[in-house]
Every structure is written in C-alpha cells, then in structure tokens.
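Participant: Next up is a structure, given as structure tokens.
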Amino acid sequence: MHVSPAFALFMQQAPEHAKAWRQAADALGAASALDAKTADLAYLAVLAATGNTSGLAFHVQSAKSHGASRQEVLSAVLIGLPAAGAVVIGALPAVLEAFDEQDQ
C-alpha cells in the first residue's frame with residue numbers, strides 16, 4: 001500500500017511528528033471495539049464526508065486487504081450522503097480507482 005505524496009513528505013521531513021502520529025493512531029485503533037474491516041470502512045466514510053481525499057487510496061487498500069468488497073467500500077463512502085451531502089461523491093473517483101488498482 002502506498003501513502004499520499006503529502007503523507008510521505010510528512011514522514012520524511014518530520015519523522016518525530018510522524019512517529020507520534022503513528023503511536024496515537026495505533027493506540028486509538030487498539031482501543032476500538034471494531035474489527036479491522038469495519039474500522040477501515042468507517043474511516044473511509046469519515047474521510048469522504050470531510051472531503052479529505054488524500055488518504056483515500058491508502059485506506060481503500062487497507063479495507064480491501066481486510067476483506068472489504070468493492071460494493072462495501074462504495075457503500076461506506078456513500079453512507080455519508082444524507083449527512084454530509086454531495087461532498088462524498090467527490091471521493092468516488094479516487095476510491096474506485098484505488099480499489100480497482102492491482103495490489104502493489
């Protein structure tokens with residue numbers, strides 16, 4: 001799985017901050033009662049609803065690696081449509097491209 005160019009730059013230029021970020025993300029993940037696939041799908045929904053498209057490809061691949069189907073990924077993105085509106089539709093091209101991409 002690959003990270004966005006912005007996140008790669010973050011990890012390269014601010015390694016201590018990146019380490020702290022990873023530790024916080026790992027701790028939050030460990031505290032969650034959700035299984036990995038459900039957590040990945042929920043995270044995709046949040047990214048799409050907030051318009052944060054830079055992390056979509058990484059998290060789509062993570063969801064896929066945990067067994068999420070293309071339809072589950074699509075549904076996770078679109079679940080935010082009533083609450084967040086059409087902003088979630090903007091995530092669809094990146095999400096579907098990442099899902100259909102051959103595993104790297």
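Each chain in the structure tokens gets a letter, A, B and so on, in the order shown; residues start at 1 in every chain, and ligands are counted from 1 in the order they appear.
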According to DSSP computed on the backbone, where in chain A is there helix (DSSP H, G or I)? Give the residues as a VMD selection string.

Facilitator: chain A and resid 5 to 13 15 to 31 36 to 50 56 to 65 70 to 78 81 to 100

Participant: Quick one: residues within 12 Å of segment 84-99 of chain A, only C-alpha atoms, excluding same-chain residues fewer than 3 positions away - as a PyMOL selection string?

Facilitator: chain A and resi 1-4+41+44-65+67-81+102-104

Participant: Taking only C-alpha atoms into account, which of A:Asp100, A:His66, A:Trp21, A:Gln13 comes nearest Lys37 of chain A?

Facilitator: A:His66

Participant: How many Å separate atom CA of Asp26 of chain A from atom CA of Ala42 of chain A?

Facilitator: 15.9 Å

Participant: Measure the distance from atom CA of Glu101 of chain A to atom CA of Phe10 of chain A in Å and round it to one decimal.

Facilitator: 24.2 Å

Participant: Work out how far atom CA of Arg22 of chain A is from atom CA of Ala6 of chain A, in Å to one decimal.

Facilitator: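 Computing the Euclidean distance for atom CA of Ala6 of chain A and atom CA of Arg22 of chain A yields 15.3 Å.
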